[in-house]
2 protein chains.
Amino acid sequence: MSTSPGLARTPEPPYYAVIFTSRRTPGDAGYEAMAGRMVELGSKQEGFLGIESVRGTDGAGITVSYWRDEAAIQGWKRDAEHQNAQRGGRQAWYADYTVRVARVERAYGKE
Amino acid sequence: MSTSPGLARTPEPPYYAVIFTSRRTPGDAGYEAMAGRMVELGSKQEGFLGIESVRGTDGAGITVSYWRDEAAIQGWKRDAEHQNAQRGGRQAWYADYTVRVARVERAYGKE
């Protein structure tokens, strides 16, 4: 799954969204490999429902991952390999970021 | 405000997020002008808290707008000029999209 895997097919609400908005530091420094690995690993977590991710040419990015419940989000946050990646994010890859945890209450599509 | 205005500075939760994920049709067809106008107009709405928006080179986009409450979201959805834009989105600008309305329960940043 690349950084633009298309629209996630999620079940009927309620479920949870983790909205991760960020600005990258310049250069790769292992970022792309880590990001691909985190999508691969996160997608296998219990309670994972889907992910949507876009990064612009100016380094601004938004990744929204969808989860069955708060317990699933906490489980993924505590994953050891993910914790290493979080540390790298704070120290090297992101100039700035915000994480928001939100409960999806309703959803609709084009049709 | 461009399509990558940086990270939104939102107040302490709770508040609401509208997560709009989309795939654009090819070509502009008035899209950029409309998108800029909608950010300008939406930002003036009662209860608007901020917006983050990124579109990738492949046409995938994520826009998250933040709102004080559901009433503010409904007010913006009913705005006449915005309703015209929504119609254009369904008919021309978007190959596909999903709208999710979510209640932000907690948030944290880099430091």
# chains A, B, ... in the order shown; residues from 1 in each chain; ligands from 1
call {"tool": "closest_atom_pairs", "arguments": {"of": "chain B", "to": "chain A", "cutoff": "9 Å", "atoms": "only C-alpha atoms", "output": "Markdown table"}}
result
| residue | atom | partner | partner_atom | distance |
| --- | --- | --- | --- | --- |
| B:Ser4 | CA | A:Ala60 | CA | 6.5 |
| B:Pro5 | CA | A:Ala60 | CA | 8.6 |
| B:Gly6 | CA | A:Ala60 | CA | 6.7 |
| B:Leu7 | CA | A:Thr21 | CA | 6.8 |
| B:Ala8 | CA | A:Thr98 | CA | 8.7 |
| B:Tyr16 | CA | A:Ala102 | CA | 8.1 |
| B:Ala17 | CA | A:Ala102 | CA | 7.7 |
| B:Ile19 | CA | A:Val64 | CA | 8.6 |
| B:Thr21 | CA | A:Leu7 | CA | 6.8 |
| B:Ser22 | CA | A:Leu7 | CA | 7.1 |
| B:Arg23 | CA | A:Gly6 | CA | 7.5 |
| B:Glu52 | CA | A:Thr21 | CA | 7.8 |
| B:Ser53 | CA | A:Ile62 | CA | 7.6 |
| B:Val54 | CA | A:Gly56 | CA | 5.7 |
| B:Arg55 | CA | A:Gly56 | CA | 5.7 |
| B:Gly56 | CA | A:Gly56 | CA | 5.0 |
| B:Thr57 | CA | A:Gly56 | CA | 7.2 |
| B:Asp58 | CA | A:Ser4 | CA | 7.8 |
| B:Ala60 | CA | A:Ser4 | CA | 6.5 |
| B:Gly61 | CA | A:Val54 | CA | 6.3 |
| B:Ile62 | CA | A:Val54 | CA | 6.7 |
| B:Thr63 | CA | A:Ile62 | CA | 8.3 |
| B:Val64 | CA | A:Ile19 | CA | 8.6 |
| B:Gly89 | CA | A:Lys110 | CA | 8.9 |
| B:Arg90 | CA | A:Lys110 | CA | 6.4 |
| B:Tyr94 | CA | A:Lys110 | CA | 8.5 |
| B:Ala95 | CA | A:Lys110 | CA | 8.5 |
| B:Asp96 | CA | A:Lys110 | CA | 5.9 |
| B:Tyr97 | CA | A:Lys110 | CA | 5.5 |
| B:Thr98 | CA | A:Gly109 | CA | 4.3 |
| B:Val99 | CA | A:Tyr108 | CA | 5.4 |
| B:Arg100 | CA | A:Ala107 | CA | 4.2 |
| B:Val101 | CA | A:Arg106 | CA | 5.4 |
| B:Ala102 | CA | A:Val104 | CA | 3.9 |
| B:Arg103 | CA | A:Ala102 | CA | 5.1 |
| B:Val104 | CA | A:Ala102 | CA | 3.9 |
| B:Glu105 | CA | A:Ala102 | CA | 5.4 |
| B:Arg106 | CA | A:Val101 | CA | 5.4 |
| B:Ala107 | CA | A:Arg100 | CA | 4.2 |
| B:Tyr108 | CA | A:Val99 | CA | 5.4 |
| B:Gly109 | CA | A:Thr98 | CA | 4.3 |
| B:Lys110 | CA | A:Tyr97 | CA | 5.5 |
| B:Glu111 | CA | A:Arg90 | CA | 8.7 |
call {"tool": "select_by_dssp", "arguments": {"residues": "chain A", "states": "strand (DSSP E)", "output": "ChimeraX atom specification"}}
result
/A:15-24,48-55,60-67,94-109
call {"tool": "write_last_selection", "arguments": {"atoms": "C-alpha atoms", "output": "short mmCIF file (atom, residue, chain, number, x, y, z; two decimals), in the first residue's frame"}}
result
data_model
loop_
_atom_site.label_atom_id
_atom_site.label_comp_id
_atom_site.auth_asym_id
_atom_site.auth_seq_id
_atom_site.Cartn_x
_atom_site.Cartn_y
_atom_site.Cartn_z
CA TYR A 15 -15.87 3.75 14.82
CA TYR A 16 -12.76 5.81 15.50
CA ALA A 17 -10.46 7.94 13.36
CA VAL A 18 -6.90 8.98 14.16
CA ILE A 19 -6.19 12.16 12.20
CA PHE A 20 -2.45 12.69 11.85
CA THR A 21 -1.46 15.97 10.19
CA SER A 22 2.21 16.74 9.72
CA ARG A 23 4.94 18.74 8.06
CA ARG A 24 8.00 16.74 6.98
CA PHE A 48 -7.77 -1.83 12.11
CA LEU A 49 -10.46 -0.71 9.62
CA GLY A 50 -8.61 1.27 6.95
CA ILE A 51 -6.24 4.10 6.15
CA GLU A 52 -6.16 7.14 3.86
CA SER A 53 -2.95 9.10 3.40
CA VAL A 54 -1.87 12.01 1.21
CA ARG A 55 1.30 14.09 1.15
CA ALA A 60 2.36 18.80 4.28
CA GLY A 61 0.67 15.48 4.94
CA ILE A 62 -2.56 14.07 6.31
CA THR A 63 -3.00 10.42 7.28
CA VAL A 64 -6.31 9.21 8.68
CA SER A 65 -6.47 5.69 10.06
CA TYR A 66 -9.74 4.08 11.12
CA TRP A 67 -10.18 1.78 14.10
CA TYR A 94 8.54 15.67 11.25
CA ALA A 95 9.06 19.40 11.69
CA ASP A 96 5.64 19.45 13.33
CA TYR A 97 2.57 17.29 13.74
CA THR A 98 -0.79 16.98 15.45
CA VAL A 99 -2.63 13.80 16.38
CA ARG A 100 -6.39 13.94 16.92
CA VAL A 101 -8.46 10.98 18.07
CA ALA A 102 -12.09 11.27 17.02
CA ARG A 103 -15.24 9.17 17.14
CA VAL A 104 -16.85 8.95 13.70
CA GLU A 105 -20.57 9.46 14.17
CA ARG A 106 -21.83 9.49 10.59
CA ALA A 107 -20.47 9.05 7.09
CA TYR A 108 -21.67 9.25 3.50
CA GLY A 109 -20.22 8.95 0.01
#
call {"tool": "decode", "arguments": {"residues": "range 78-107 of chain B", "atoms": "N, CA and C atoms", "output": "short mmCIF file (atom, residue, chain, number, x, y, z; two decimals), in the first residue's frame"}}
result
data_model
loop_
_atom_site.label_atom_id
_atom_site.label_comp_id
_atom_site.auth_asym_id
_atom_site.auth_seq_id
_atom_site.Cartn_x
_atom_site.Cartn_y
_atom_site.Cartn_z
N ARG B 78 -25.56 23.87 4.62
CA ARG B 78 -26.75 24.47 4.03
C ARG B 78 -26.49 25.78 3.30
N ASP B 79 -25.30 26.35 3.45
CA ASP B 79 -24.96 27.61 2.78
C ASP B 79 -25.21 27.49 1.27
N ALA B 80 -25.87 28.47 0.68
CA ALA B 80 -26.33 28.36 -0.71
C ALA B 80 -25.15 28.21 -1.69
N GLU B 81 -24.11 29.02 -1.52
CA GLU B 81 -22.96 28.94 -2.43
C GLU B 81 -22.23 27.60 -2.25
N HIS B 82 -22.17 27.14 -1.01
CA HIS B 82 -21.56 25.84 -0.74
C HIS B 82 -22.39 24.71 -1.35
N GLN B 83 -23.70 24.86 -1.34
CA GLN B 83 -24.55 23.82 -1.95
C GLN B 83 -24.31 23.74 -3.45
N ASN B 84 -24.11 24.87 -4.10
CA ASN B 84 -23.73 24.86 -5.52
C ASN B 84 -22.42 24.12 -5.74
N ALA B 85 -21.46 24.38 -4.85
CA ALA B 85 -20.15 23.71 -4.96
C ALA B 85 -20.30 22.21 -4.72
N GLN B 86 -21.15 21.83 -3.77
CA GLN B 86 -21.37 20.40 -3.51
C GLN B 86 -21.95 19.71 -4.75
N ARG B 87 -22.84 20.41 -5.43
CA ARG B 87 -23.44 19.87 -6.66
C ARG B 87 -22.36 19.69 -7.74
N GLY B 88 -21.51 20.70 -7.89
CA GLY B 88 -20.41 20.60 -8.85
C GLY B 88 -19.46 19.47 -8.51
N GLY B 89 -19.25 19.26 -7.21
CA GLY B 89 -18.38 18.17 -6.77
C GLY B 89 -18.94 16.81 -7.16
N ARG B 90 -20.24 16.64 -6.95
CA ARG B 90 -20.87 15.37 -7.32
C ARG B 90 -20.85 15.15 -8.82
N GLN B 91 -21.10 16.24 -9.56
CA GLN B 91 -21.31 16.09 -11.01
C GLN B 91 -20.01 16.13 -11.82
N ALA B 92 -19.00 16.84 -11.32
CA ALA B 92 -17.84 17.08 -12.20
C ALA B 92 -16.48 16.87 -11.55
N TRP B 93 -16.27 17.43 -10.37
CA TRP B 93 -14.90 17.53 -9.87
C TRP B 93 -14.35 16.28 -9.21
N TYR B 94 -15.26 15.47 -8.63
CA TYR B 94 -14.77 14.31 -7.87
C TYR B 94 -15.21 13.00 -8.52
N ALA B 95 -14.22 12.13 -8.78
CA ALA B 95 -14.55 10.77 -9.23
C ALA B 95 -15.20 9.99 -8.09
N ASP B 96 -14.75 10.29 -6.87
CA ASP B 96 -15.31 9.62 -5.69
C ASP B 96 -14.96 10.43 -4.46
N TYR B 97 -15.75 10.30 -3.43
CA TYR B 97 -15.42 10.95 -2.16
C TYR B 97 -16.18 10.30 -1.01
N THR B 98 -15.66 10.54 0.18
CA THR B 98 -16.34 10.13 1.41
C THR B 98 -16.29 11.30 2.39
N VAL B 99 -17.39 11.55 3.06
CA VAL B 99 -17.46 12.54 4.13
C VAL B 99 -17.70 11.81 5.44
N ARG B 100 -16.87 12.09 6.43
CA ARG B 100 -17.08 11.52 7.76
C ARG B 100 -17.15 12.64 8.78
N VAL B 101 -18.15 12.61 9.62
CA VAL B 101 -18.29 13.60 10.69
C VAL B 101 -17.93 12.93 11.99
N ALA B 102 -16.96 13.51 12.70
CA ALA B 102 -16.40 12.85 13.88
C ALA B 102 -16.22 13.85 15.02
N ARG B 103 -16.38 13.36 16.22
CA ARG B 103 -16.20 14.17 17.42
C ARG B 103 -14.78 13.96 17.93
N VAL B 104 -13.98 15.02 17.92
CA VAL B 104 -12.59 14.92 18.40
C VAL B 104 -12.61 14.85 19.93
N GLU B 105 -12.04 13.79 20.45
CA GLU B 105 -12.09 13.56 21.90
C GLU B 105 -10.79 13.93 22.59
N ARG B 106 -9.66 13.77 21.88
CA ARG B 106 -8.38 14.18 22.46
C ARG B 106 -7.41 14.51 21.34
N ALA B 107 -6.41 15.30 21.64
CA ALA B 107 -5.46 15.75 20.63
C ALA B 107 -4.14 16.08 21.32
#
